[in-house]
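Pasting work-v7.cif here (mmCIF, C-alpha atoms):
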data_query
loop_
_atom_site.label_atom_id
_atom_site.label_comp_id
_atom_site.auth_asym_id
_atom_site.auth_seq_id
_atom_site.Cartn_x
_atom_site.Cartn_y
_atom_site.Cartn_z
CA MET T 1 -8.61 -188.25 -58.21
CA ILE T 2 -7.68 -188.25 -61.90
CA VAL T 3 -11.09 -189.55 -62.91
CA GLN T 4 -12.72 -186.93 -60.70
CA LEU T 5 -10.79 -184.19 -62.46
CA VAL T 6 -11.61 -185.51 -65.94
CA LEU T 7 -15.32 -185.83 -65.08
CA SER T 8 -15.27 -182.36 -63.56
CA VAL T 9 -13.85 -180.89 -66.78
CA LEU T 10 -16.48 -182.70 -68.87
CA LEU T 11 -19.34 -181.66 -66.60
CA GLY T 12 -17.91 -178.13 -66.52
CA ALA T 13 -18.19 -178.12 -70.32
CA VAL T 14 -21.85 -179.19 -70.00
CA LEU T 15 -22.39 -176.35 -67.54
CA LEU T 16 -20.86 -173.87 -69.96
CA HIS T 17 -22.99 -175.23 -72.80
CA GLY T 18 -26.12 -174.85 -70.69
CA TRP T 19 -25.18 -171.30 -69.77
CA THR T 20 -24.71 -170.34 -73.46
CA GLN T 21 -28.18 -171.73 -74.29
CA LEU T 22 -30.05 -169.83 -71.56
CA ARG T 23 -31.44 -167.18 -73.91
CA ARG T 24 -32.24 -169.39 -76.88
CA SER T 25 -33.49 -172.57 -75.26
CA PRO T 26 -34.25 -171.92 -71.58
CA LEU T 27 -35.71 -175.38 -70.88
CA VAL T 28 -32.78 -177.25 -72.43
CA ALA T 29 -30.35 -174.91 -70.69
CA TRP T 30 -31.84 -175.45 -67.23
CA LEU T 31 -31.94 -179.21 -67.74
CA SER T 32 -28.23 -179.14 -68.66
CA LEU T 33 -27.34 -176.92 -65.72
CA THR T 34 -29.29 -179.04 -63.23
CA ALA T 35 -27.95 -182.35 -64.48
CA ALA T 36 -24.34 -181.12 -64.65
CA THR T 37 -24.51 -179.54 -61.19
CA GLY T 38 -25.93 -182.77 -59.77
CA GLY T 39 -23.17 -184.69 -61.55
CA LEU T 40 -20.46 -182.47 -60.11
CA TYR T 41 -21.85 -182.91 -56.63
CA LEU T 42 -21.83 -186.69 -56.96
CA VAL T 43 -18.33 -186.72 -58.43
CA TRP T 44 -16.93 -184.86 -55.40
CA ALA T 45 -19.20 -186.47 -52.79
CA PRO T 46 -19.32 -190.12 -53.96
CA ALA T 47 -20.24 -191.32 -50.48
CA HIS T 48 -23.59 -189.63 -50.87
CA THR T 49 -24.36 -191.36 -54.15
CA THR T 50 -25.73 -194.59 -52.73
CA GLU T 51 -27.60 -192.70 -50.02
CA ILE T 52 -29.33 -190.42 -52.58
CA ALA T 53 -29.97 -193.37 -54.90
CA GLY T 54 -31.70 -195.14 -52.04
CA MET T 55 -33.83 -192.08 -51.34
CA LEU T 56 -34.86 -191.99 -55.02
CA GLY T 57 -35.68 -195.70 -55.02
CA ILE T 58 -32.91 -196.62 -57.45
CA GLY T 59 -30.87 -198.79 -55.10
CA ARG T 60 -27.30 -198.56 -56.35
CA GLY T 61 -25.27 -195.36 -56.58
CA ALA T 62 -23.67 -196.53 -59.83
CA ASP T 63 -27.11 -196.79 -61.41
CA LEU T 64 -27.92 -193.25 -60.32
CA ILE T 65 -24.76 -191.98 -62.04
CA MET T 66 -25.66 -193.89 -65.20
CA TYR T 67 -29.21 -192.54 -65.27
CA LEU T 68 -27.91 -189.03 -64.75
CA TRP T 69 -25.50 -189.44 -67.64
CA VAL T 70 -28.30 -190.74 -69.88
CA CYS T 71 -30.34 -187.63 -68.98
CA ILE T 72 -27.42 -185.38 -69.88
CA SER T 73 -26.89 -187.21 -73.20
CA LEU T 74 -30.57 -186.99 -74.16
CA ASN T 75 -30.59 -183.33 -73.27
CA LEU T 76 -27.57 -182.67 -75.45
CA LEU T 77 -29.30 -184.53 -78.29
CA LEU T 78 -32.32 -182.27 -77.86
CA SER T 79 -30.06 -179.24 -77.88
CA LEU T 80 -28.46 -180.45 -81.12
CA HIS T 81 -31.90 -180.95 -82.67
CA LEU T 82 -32.89 -177.39 -81.78
CA LYS T 83 -29.66 -176.12 -83.29
CA LEU T 84 -30.50 -177.94 -86.52
CA LEU T 85 -33.94 -176.32 -86.47
CA ARG T 86 -32.34 -172.88 -86.19
CA GLN T 87 -30.05 -173.67 -89.11
CA GLN T 88 -33.06 -174.81 -91.12
CA GLU T 89 -34.72 -171.46 -90.41
CA THR T 90 -31.63 -169.67 -91.68
CA ILE T 91 -31.63 -171.77 -94.85
CA THR T 92 -35.32 -171.02 -95.35
CA ARG T 93 -34.73 -167.26 -95.04
CA LEU T 94 -31.86 -167.46 -97.48
CA ALA T 95 -33.80 -169.57 -100.00
CA ARG T 96 -36.80 -167.24 -99.71
CA HIS T 97 -34.58 -164.24 -100.35
CA VAL T 98 -33.14 -165.89 -103.47
CA ALA T 99 -36.59 -166.98 -104.68
CA LEU T 100 -38.16 -163.54 -104.27
CA ALA T 101 -35.17 -161.85 -105.88
CA ASN T 102 -35.59 -164.04 -108.95
CA ALA T 103 -39.38 -164.12 -109.05
CA PHE T 104 -41.05 -164.50 -112.41
CA VAL T 105 -43.56 -161.65 -112.74
CA ARG T 106 -45.76 -161.15 -115.77
CA THR T 107 -45.31 -157.47 -116.61
CA ASN T 108 -47.41 -157.05 -119.75
CA ASP T 109 -50.63 -158.78 -118.84
CA VAL T 110 -53.87 -157.88 -120.58
CA ARG T 111 -55.55 -158.21 -117.19
CA GLY T 112 -53.49 -155.32 -115.90
CA ALA T 113 -50.81 -156.73 -113.70
CA ALA T 114 -49.59 -154.57 -110.91
CA PRO T 115 -46.03 -153.43 -111.53
CA PRO T 116 -43.55 -155.73 -109.86
CA THR T 117 -42.88 -154.58 -106.37
CA VAL T 118 -39.79 -155.50 -104.51
CA PRO T 119 -40.66 -157.50 -101.38
CA ARG T 120 -38.81 -156.74 -98.23
CA LEU T 121 -37.80 -159.56 -95.97
CA GLN T 122 -37.76 -159.67 -92.21
CA GLY T 123 -34.65 -160.11 -90.14
CA ASP T 124 -31.21 -159.84 -91.65
CA ALA T 125 -32.35 -159.71 -95.21
CA ARG T 126 -33.70 -156.16 -95.27
CA ARG T 127 -32.48 -155.31 -98.72
CA SER T 128 -34.16 -154.42 -101.94
CA MET T 129 -34.44 -157.17 -104.47
CA ARG T 130 -34.45 -157.27 -108.20
CA MET T 131 -37.14 -159.21 -110.05
CA ARG T 132 -36.89 -160.61 -113.50
CA GLY T 133 -39.91 -159.50 -115.47
CA HIS T 134 -41.35 -161.51 -118.32
CA THR T 135 -43.70 -160.44 -121.03
CA ALA T 136 -46.88 -162.42 -121.47
CA MET A 137 -67.15 -167.81 -115.86
CA ARG A 138 -67.93 -164.61 -113.99
CA VAL A 139 -65.04 -162.32 -113.23
CA ILE A 140 -65.49 -161.31 -109.64
CA SER A 141 -62.17 -160.32 -108.20
CA SER A 142 -60.19 -157.16 -108.21
CA ASP A 143 -56.46 -156.82 -108.63
CA THR A 144 -55.97 -156.64 -104.89
CA VAL A 145 -56.92 -160.27 -104.36
CA TRP A 146 -53.93 -162.59 -104.69
CA ILE A 147 -54.19 -166.36 -104.67
CA VAL A 148 -51.13 -168.14 -103.27
CA CYS A 149 -50.63 -171.66 -104.67
CA PRO A 150 -47.80 -173.66 -103.11
CA ALA A 151 -46.73 -176.40 -105.50
CA PHE A 152 -44.31 -179.31 -105.33
CA ASN A 153 -44.19 -181.73 -108.27
CA GLU A 154 -47.72 -180.87 -109.40
CA GLU A 155 -47.28 -181.06 -113.19
CA ARG A 156 -50.36 -183.29 -113.44
CA THR A 157 -52.75 -180.81 -111.87
CA ILE A 158 -51.25 -177.31 -111.85
CA ALA A 159 -52.43 -176.30 -115.34
CA GLY A 160 -56.05 -177.14 -114.58
CA VAL A 161 -55.94 -175.39 -111.22
CA LEU A 162 -54.43 -172.20 -112.67
CA THR A 163 -56.77 -172.15 -115.65
CA ARG A 164 -59.79 -172.22 -113.35
CA LEU A 165 -58.41 -169.53 -111.04
CA ILE A 166 -57.47 -167.22 -113.91
CA ALA A 167 -60.91 -167.71 -115.47
CA TYR A 168 -62.35 -166.14 -112.33
CA GLY A 169 -60.05 -163.16 -112.77
CA TYR A 170 -57.90 -163.70 -109.72
CA ARG A 171 -54.24 -162.81 -109.64
CA VAL A 172 -52.23 -165.92 -108.90
CA VAL A 173 -48.74 -166.45 -107.54
CA VAL A 174 -47.40 -169.99 -107.65
CA VAL A 175 -44.65 -170.84 -105.21
CA ASP A 176 -42.73 -173.69 -106.79
CA ASP A 177 -41.15 -175.48 -103.86
CA GLY A 178 -38.15 -176.96 -105.64
CA SER A 179 -40.14 -179.22 -107.97
CA ARG A 180 -38.20 -181.74 -110.01
CA ASP A 181 -40.84 -182.00 -112.73
CA ARG A 182 -42.30 -179.35 -115.10
CA THR A 183 -44.41 -177.55 -112.48
CA ARG A 184 -42.44 -174.29 -112.75
CA GLN A 185 -42.46 -174.19 -116.54
CA ILE A 186 -46.22 -174.83 -116.69
CA ALA A 187 -46.87 -172.22 -113.98
CA GLU A 188 -44.78 -169.60 -115.79
CA GLY A 189 -47.00 -170.03 -118.81
CA LEU A 190 -50.20 -169.36 -116.86
CA ALA A 191 -49.72 -167.62 -113.52
CA ASP A 192 -49.22 -163.91 -112.89
CA ALA A 193 -46.11 -164.66 -110.89
CA VAL A 194 -43.98 -167.66 -110.03
CA VAL A 195 -41.60 -167.69 -107.08
CA SER A 196 -39.28 -170.69 -107.14
CA HIS A 197 -37.51 -172.01 -104.08
CA PRO A 198 -34.05 -173.21 -105.10
CA VAL A 199 -34.53 -176.28 -102.87
CA ASN A 200 -37.54 -178.04 -101.42
CA LEU A 201 -38.41 -176.38 -98.11
CA GLY A 202 -41.93 -177.59 -97.43
CA GLN A 203 -45.48 -176.34 -97.88
CA GLY A 204 -45.35 -174.07 -94.84
CA ALA A 205 -42.28 -172.28 -96.17
CA ALA A 206 -43.91 -172.00 -99.61
CA LEU A 207 -47.02 -170.41 -98.12
CA ALA A 208 -44.93 -167.92 -96.14
CA THR A 209 -43.01 -167.01 -99.29
CA GLY A 210 -46.21 -166.55 -101.28
CA ILE A 211 -47.80 -164.41 -98.56
CA ALA A 212 -44.65 -162.23 -98.38
CA PHE A 213 -44.80 -161.80 -102.16
CA ALA A 214 -48.50 -160.95 -102.20
CA LEU A 215 -48.11 -158.41 -99.37
CA ALA A 216 -45.28 -156.77 -101.30
CA GLN A 217 -47.58 -156.53 -104.33
CA GLY A 218 -50.06 -154.56 -102.24
CA ALA A 219 -52.65 -157.33 -101.87
CA ASP A 220 -55.70 -156.43 -99.79
CA THR A 221 -56.86 -160.02 -99.61
CA ILE A 222 -54.72 -163.15 -99.79
CA VAL A 223 -56.13 -166.62 -100.40
CA THR A 224 -54.17 -169.85 -99.94
CA PHE A 225 -55.16 -172.56 -102.42
CA ASP A 226 -53.65 -176.05 -102.84
CA SER A 227 -52.29 -176.99 -106.25
CA ASP A 228 -53.38 -180.63 -106.22
CA GLY A 229 -56.86 -179.87 -107.52
CA GLN A 230 -58.81 -180.60 -104.34
CA HIS A 231 -60.16 -177.07 -103.91
CA ARG A 232 -62.87 -175.35 -105.95
CA ALA A 233 -62.19 -171.89 -107.36
CA SER A 234 -65.90 -171.16 -106.95
CA ASP A 235 -65.50 -171.31 -103.14
CA ILE A 236 -63.11 -168.35 -103.08
CA ALA A 237 -65.83 -165.78 -103.68
CA ARG A 238 -67.71 -167.05 -100.62
CA LEU A 239 -64.59 -166.84 -98.48
CA ILE A 240 -63.91 -163.25 -99.53
CA ALA A 241 -67.55 -162.21 -99.19
CA THR A 242 -67.70 -163.67 -95.67
CA LEU A 243 -64.43 -162.00 -94.77
CA LYS A 244 -65.98 -158.66 -95.65
CA SER A 245 -69.51 -159.18 -94.36
CA THR A 246 -68.31 -160.38 -90.95
CA ARG A 247 -65.40 -157.89 -90.82
CA SER A 248 -63.12 -160.78 -90.00
CA ASP A 249 -59.41 -160.99 -90.77
CA TYR A 250 -59.33 -164.72 -91.34
CA ALA A 251 -61.83 -166.84 -93.27
CA LEU A 252 -61.01 -170.51 -92.79
CA GLY A 253 -62.46 -173.13 -95.12
CA SER A 254 -64.33 -176.03 -93.56
CA ARG A 255 -65.39 -179.17 -95.43
CA PHE A 256 -67.61 -180.22 -92.53
CA LEU A 257 -69.71 -177.05 -92.41
CA ALA A 258 -70.71 -177.83 -95.98
CA GLY A 259 -72.05 -181.18 -94.79
CA GLN A 260 -69.54 -183.04 -96.89
CA GLN A 261 -70.15 -186.75 -96.34
CA ARG A 262 -67.57 -188.33 -98.60
CA VAL A 263 -64.57 -187.77 -96.36
CA PRO A 264 -62.59 -191.04 -96.05
CA LEU A 265 -63.03 -192.57 -92.58
CA LEU A 266 -59.36 -192.49 -91.52
CA ARG A 267 -59.05 -188.89 -92.66
CA ARG A 268 -62.23 -187.98 -90.79
CA LEU A 269 -60.86 -189.48 -87.56
CA LEU A 270 -57.51 -187.75 -88.03
CA LEU A 271 -59.19 -184.40 -88.65
CA ARG A 272 -61.42 -184.88 -85.61
CA ALA A 273 -58.36 -185.48 -83.43
CA ALA A 274 -56.75 -182.38 -84.91
CA THR A 275 -59.76 -180.20 -84.03
CA ILE A 276 -59.62 -181.42 -80.42
CA PHE A 277 -55.88 -180.75 -80.28
CA THR A 278 -56.38 -177.26 -81.74
CA ALA A 279 -59.16 -176.43 -79.29
CA PHE A 280 -56.94 -177.60 -76.44
CA THR A 281 -53.79 -175.73 -77.52
CA THR A 282 -55.23 -172.53 -79.02
CA GLY A 283 -58.77 -172.19 -77.71
CA LEU A 284 -60.12 -171.92 -81.27
CA ARG A 285 -63.41 -173.74 -81.79
CA LEU A 286 -63.22 -174.99 -85.36
CA THR A 287 -64.75 -177.83 -87.32
CA ASP A 288 -61.87 -178.28 -89.78
CA THR A 289 -58.32 -177.43 -88.79
CA HIS A 290 -56.40 -178.74 -91.79
CA ASN A 291 -58.07 -177.13 -94.75
CA GLY A 292 -55.69 -175.47 -97.22
CA LEU A 293 -58.33 -173.04 -98.50
CA ARG A 294 -58.19 -169.85 -96.42
CA ALA A 295 -58.54 -166.12 -96.98
CA PHE A 296 -56.76 -163.39 -95.03
CA THR A 297 -57.10 -159.65 -95.01
CA ARG A 298 -53.87 -157.75 -95.45
CA ARG A 299 -53.84 -157.03 -91.72
CA GLY A 300 -54.45 -160.68 -90.91
CA ALA A 301 -51.72 -161.95 -93.24
CA ALA A 302 -49.20 -159.44 -91.91
CA ALA A 303 -49.92 -160.60 -88.36
CA LEU A 304 -48.88 -164.18 -89.13
CA ASP A 305 -45.37 -165.15 -88.08
CA LEU A 306 -44.91 -168.49 -89.86
CA ARG A 307 -41.84 -170.53 -88.99
CA GLN A 308 -42.99 -174.10 -89.52
CA ASP A 309 -41.67 -175.10 -92.92
CA ARG A 310 -43.28 -178.47 -93.24
CA MET A 311 -46.30 -180.40 -92.05
CA ALA A 312 -46.97 -178.49 -88.85
CA HIS A 313 -47.71 -175.23 -90.69
CA ALA A 314 -51.49 -175.73 -90.64
CA SER A 315 -51.49 -175.98 -86.86
CA GLU A 316 -49.09 -173.05 -86.65
CA ILE A 317 -51.36 -170.83 -88.77
CA LEU A 318 -54.22 -171.49 -86.35
CA SER A 319 -51.94 -170.86 -83.41
CA GLU A 320 -50.98 -167.53 -84.97
CA VAL A 321 -54.63 -166.68 -85.64
CA ALA A 322 -55.33 -167.23 -81.94
CA ARG A 323 -52.25 -165.26 -80.88
CA SER A 324 -53.16 -162.30 -83.10
CA GLY A 325 -56.52 -161.88 -81.39
CA LEU A 326 -58.02 -160.81 -84.73
CA PRO A 327 -61.51 -162.01 -85.67
CA TYR A 328 -61.88 -165.22 -87.66
CA VAL A 329 -64.75 -167.09 -89.24
CA GLU A 330 -65.25 -170.53 -90.74
CA VAL A 331 -66.76 -170.83 -94.20
CA PRO A 332 -68.16 -173.99 -95.82
CA VAL A 333 -66.08 -175.21 -98.75
CA THR A 334 -65.96 -178.44 -100.70
CA ILE A 335 -62.95 -180.74 -101.02
CA ASP A 336 -62.81 -182.89 -104.13
CA TYR A 337 -60.97 -186.03 -103.09
CA THR A 338 -59.12 -187.84 -105.81
CA GLU A 339 -56.63 -190.69 -105.63
CA TYR A 340 -53.99 -188.14 -106.51
CA SER A 341 -54.85 -185.65 -103.75
CA LEU A 342 -55.24 -188.43 -101.17
CA ALA A 343 -51.83 -189.85 -102.09
CA LYS A 344 -50.25 -186.42 -101.67
CA GLY A 345 -52.11 -185.63 -98.47
CA GLN A 346 -50.92 -186.21 -94.94
CA ARG A 347 -50.95 -189.65 -93.36
CA ALA A 348 -51.81 -190.69 -89.81
CA SER A 349 -48.13 -191.23 -89.05
CA ASP A 350 -47.42 -187.60 -89.99
CA ALA A 351 -49.39 -186.51 -86.91
CA VAL A 352 -46.53 -187.70 -84.71
CA MET A 353 -44.00 -185.59 -86.63
CA ILE A 354 -46.34 -182.59 -86.46
CA LEU A 355 -46.59 -182.90 -82.69
CA LEU A 356 -42.80 -183.20 -82.40
CA ASP A 357 -42.26 -180.15 -84.62
CA LEU A 358 -44.74 -178.09 -82.61
CA PHE A 359 -43.14 -179.20 -79.34
CA ALA A 360 -39.60 -178.46 -80.56
CA ARG A 361 -40.68 -175.00 -81.69
CA LYS A 362 -41.93 -174.23 -78.20
CA LEU A 363 -38.48 -174.98 -76.79
CA HIS A 364 -36.50 -172.28 -78.54
CA ARG A 365 -36.92 -168.71 -79.65
#

Mind converting the file's structure to structure tokens?
Amino acid sequence: MIVQLVLSVLLGAVLLHGWTQLRRSPLVAWLSLTAATGGLYLVWAPAHTTEIAGMLGIGRGADLIMYLWVCISLNLLLSLHLKLLRQQETITRLARHVALANAFVRTNDVRGAAPPTVPRLQGDARRSMRMRGHTA
Amino acid sequence: MRVISSDTVWIVCPAFNEERTIAGVLTRLIAYGYRVVVVDDGSRDRTRQIAEGLADAVVSHPVNLGQGAALATGIAFALAQGADTIVTFDSDGQHRASDIARLIATLKSTRSDYALGSRFLAGQQRVPLLRRLLLRAATIFTAFTTGLRLTDTHNGLRAFTRRGAAALDLRQDRMAHASEILSEVARSGLPYVEVPVTIDYTEYSLAKGQRASDAVMILLDLFARKLHR
């Protein structure tokens, strides 16, 4: 009973995680929700485990549980990877903002440079930027 | 050399540790009268200092982000400067400044928004075998995933109209950016055309170019991008 409660709390956390990812990563979210729901069912109906494992051609119920847990772990790894990608995008936007704000622009070019124009960034960085002008 | 461009053409040169080649590349571009912005992608050598002595503008990433991010930064800068035409041009010396005029002329004569350079349309025979096979696989992959029928999908020499450049939503910072640009071209629905250009392979440019093993990372990056918004 104690183990069932602990596993239920852990799988409940996976369910919550999947629910929070529904908008950002629908595929990862649905994989998490499906695997965690399946896990919860097997935790509270262990007698069915071997029966379902047999239907799936796995043989032992314990193996089915292990495979399910591996699926959940891999899915969480994928979710973590996607989170890192989102953070990288944020860093890129920030670095681009800094780079454009400090752009070197030749202001006194004999070829007639256009006056430095302040780029506007997409997303959260919709602010004017200052450019440092240099004389050729 | 003949001055052929107007002030509304901006050349975007992404550069990372290119102190050996950047001066020559910029000198040739400037001789043609183009306006050039170098995006220094966190170089650890003298790339930025050399570029600041020659280019019209230098935008320096505080850290290395990747060529895709550098191109997106350069395009954002050029659009803000009021560019009518934006050309992407590698800084490793493999492209010819003389090809730019043909890209821009084709862009206008065909009323396209994207002119994409192709080394194979020019009948270039001296493409190393492994690179030729890799590029062939990339064209098949691109046709399958985007529907674009191209002969060269990984050519850094491209020209965009202002409308075309503004329609690109580039999020791939690193190696997958070339595939992403084509995916965005397809998504935009705007007209595109391929233009023959010549690639000058050198030991230097080949060493800096992508390897066969990079294809796996590109596929993973493209797949991961599909999984989240």

Neighbour list for stretch 43-53 of chain T as a list in words, cut-off 10 Å, only C-alpha atoms, skip fewer than 3 positions in-chain
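Near neighbours after the sequence-gap exclusion: Met1, Val3, Gln4, Leu5, Leu7, Ser8, Leu11, Thr37, Gly38, Gly39, Leu40, Leu56, Gly57, Ile58, Gly59, Arg60, Gly61, Ala62, Asp63, Leu64 and Ile65 of chain T.
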
Explicit residues for the PyMOL selection byres ((chain A and resi 191) around 7) (as a list in words):
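When the PyMOL selection byres ((chain A and resi 191) around 7) is applied to the shown file, the picked residues are Leu162, Val172, Val173, Val174, Ala187, Glu188, Gly189, Leu190, Asp192, Ala193 and Val194 of chain A.
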
Mind writing the picked residues with C-alpha atoms as an mmCIF file, in the coordinates of the input?
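Contents of the output file part22.cif:
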data_model
loop_
_atom_site.group_PDB
_atom_site.id
_atom_site.type_symbol
_atom_site.label_atom_id
_atom_site.label_comp_id
_atom_site.auth_asym_id
_atom_site.auth_seq_id
_atom_site.Cartn_x
_atom_site.Cartn_y
_atom_site.Cartn_z
ATOM 1 C CA LEU A 162 -54.430 -172.200 -112.670
ATOM 2 C CA VAL A 172 -52.230 -165.920 -108.900
ATOM 3 C CA VAL A 173 -48.740 -166.450 -107.540
ATOM 4 C CA VAL A 174 -47.400 -169.990 -107.650
ATOM 5 C CA ALA A 187 -46.870 -172.220 -113.980
ATOM 6 C CA GLU A 188 -44.780 -169.600 -115.790
ATOM 7 C CA GLY A 189 -47.000 -170.030 -118.810
ATOM 8 C CA LEU A 190 -50.200 -169.360 -116.860
ATOM 9 C CA ASP A 192 -49.220 -163.910 -112.890
ATOM 10 C CA ALA A 193 -46.110 -164.660 -110.890
ATOM 11 C CA VAL A 194 -43.980 -167.660 -110.030
#

Can you list, as a compact mmCIF listing (two decimals) with C-alpha atoms, in the frame of the given file, the residues that the PyMOL selection byres ((chain A) within 7 of (chain T)) selects here?
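What ended up in expr22.txt:
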# COMPACT_ATOMS: atom_id res chain seq x y z
CA ASP A 192 -49.22 -163.91 -112.89
CA ALA A 193 -46.11 -164.66 -110.89
CA VAL A 194 -43.98 -167.66 -110.03
CA VAL A 195 -41.60 -167.69 -107.08
CA SER A 196 -39.28 -170.69 -107.14
CA HIS A 197 -37.51 -172.01 -104.08
CA PRO A 198 -34.05 -173.21 -105.10
CA LEU A 201 -38.41 -176.38 -98.11
CA THR A 209 -43.01 -167.01 -99.29
CA ALA A 212 -44.65 -162.23 -98.38
CA PHE A 213 -44.80 -161.80 -102.16
CA ALA A 216 -45.28 -156.77 -101.30
CA GLN A 217 -47.58 -156.53 -104.33
CA ALA A 360 -39.60 -178.46 -80.56
CA LEU A 363 -38.48 -174.98 -76.79
CA HIS A 364 -36.50 -172.28 -78.54
CA ARG A 365 -36.92 -168.71 -79.65

At a cut-off of 9 Å, using only C-alpha atoms, what residues contact A:Leu239? Leave out same-chain residues fewer than 5 positions from it and give the result as an MDAnalysis selection string.
chainID A and resid 223 244 251:253 293:295 330:333

Preceding selection exported with C-alpha atoms as a PDB file, in the coordinates of the input:
ATOM      1  CA  VAL A 223     -56.130-166.620-100.400  1.00  0.00           C
ATOM      2  CA  LYS A 244     -65.980-158.660 -95.650  1.00  0.00           C
ATOM      3  CA  ALA A 251     -61.830-166.840 -93.270  1.00  0.00           C
ATOM      4  CA  LEU A 252     -61.010-170.510 -92.790  1.00  0.00           C
ATOM      5  CA  GLY A 253     -62.460-173.130 -95.120  1.00  0.00           C
ATOM      6  CA  LEU A 293     -58.330-173.040 -98.500  1.00  0.00           C
ATOM      7  CA  ARG A 294     -58.190-169.850 -96.420  1.00  0.00           C
ATOM      8  CA  ALA A 295     -58.540-166.120 -96.980  1.00  0.00           C
ATOM      9  CA  GLU A 330     -65.250-170.530 -90.740  1.00  0.00           C
ATOM     10  CA  VAL A 331     -66.760-170.830 -94.200  1.00  0.00           C
ATOM     11  CA  PRO A 332     -68.160-173.990 -95.820  1.00  0.00           C
ATOM     12  CA  VAL A 333     -66.080-175.210 -98.750  1.00  0.00           C
TER      13      VAL A 333
END

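We find atom CA of A:Gly210 and atom CA of A:Gln308 to be spaced 14.3 Å apart.
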
A:Tyr340: which residues within 10 Å, counting only C-alpha atoms, same-chain residues fewer than 6 positions away excluded, as a PyMOL selection string?
chain A and resi 156-157+228-230

Might you pull out every residue within 12 Å of A:Ala314, with all atoms listed in the file counted and same-chain residues fewer than 5 positions away left off, and present them as a compact mmCIF listing (two decimals) with C-alpha atoms, in the coordinates of the input?
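Final output, selection-v5.txt:
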# COMPACT_ATOMS: atom_id res chain seq x y z
CA GLY A 202 -41.93 -177.59 -97.43
CA GLN A 203 -45.48 -176.34 -97.88
CA GLY A 204 -45.35 -174.07 -94.84
CA ALA A 205 -42.28 -172.28 -96.17
CA LEU A 207 -47.02 -170.41 -98.12
CA ALA A 208 -44.93 -167.92 -96.14
CA THR A 224 -54.17 -169.85 -99.94
CA LEU A 252 -61.01 -170.51 -92.79
CA LEU A 271 -59.19 -184.40 -88.65
CA ALA A 274 -56.75 -182.38 -84.91
CA THR A 275 -59.76 -180.20 -84.03
CA THR A 278 -56.38 -177.26 -81.74
CA ASP A 288 -61.87 -178.28 -89.78
CA THR A 289 -58.32 -177.43 -88.79
CA HIS A 290 -56.40 -178.74 -91.79
CA ASN A 291 -58.07 -177.13 -94.75
CA GLY A 292 -55.69 -175.47 -97.22
CA LEU A 293 -58.33 -173.04 -98.50
CA ARG A 294 -58.19 -169.85 -96.42
CA LEU A 304 -48.88 -164.18 -89.13
CA LEU A 306 -44.91 -168.49 -89.86
CA ARG A 307 -41.84 -170.53 -88.99
CA GLN A 308 -42.99 -174.10 -89.52
CA ASP A 309 -41.67 -175.10 -92.92
CA SER A 319 -51.94 -170.86 -83.41
CA GLU A 320 -50.98 -167.53 -84.97
CA VAL A 321 -54.63 -166.68 -85.64
CA GLN A 346 -50.92 -186.21 -94.94
CA ALA A 351 -49.39 -186.51 -86.91
CA ILE A 354 -46.34 -182.59 -86.46
CA LEU A 355 -46.59 -182.90 -82.69
CA ASP A 357 -42.26 -180.15 -84.62
CA LEU A 358 -44.74 -178.09 -82.61

For stretch 77-85 of chain T, what centre and edge lengths in Å (one decimal) does the axis-aligned box get once 6 Å is added on each side of all its listed atoms, as AutoDock Vina command-line options?
--center_x -31.2 --center_y -180.3 --center_z -82.2 --size_x 17.5 --size_y 20.4 --size_z 20.7

Selected by the PyMOL selection byres ((chain A and resi 322) around 12) in the shown coordinates: which residues, as a ChimeraX atom specification?
/A:249-250,278-286,300,303-305,315-321,323-329

Please, what distance in Å, to one decimal, runs between atom CA of A:Ala241 and atom CA of A:His313?
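We find that atom CA of A:Ala241 and atom CA of A:His313 lie 25.2 Å from each other.
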
For atom CA of T:Leu10 and atom CA of T:Ser73, determine how far apart the two atoms are, in Å to one decimal place.
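That distance, rounded to one decimal, is 12.1 Å.
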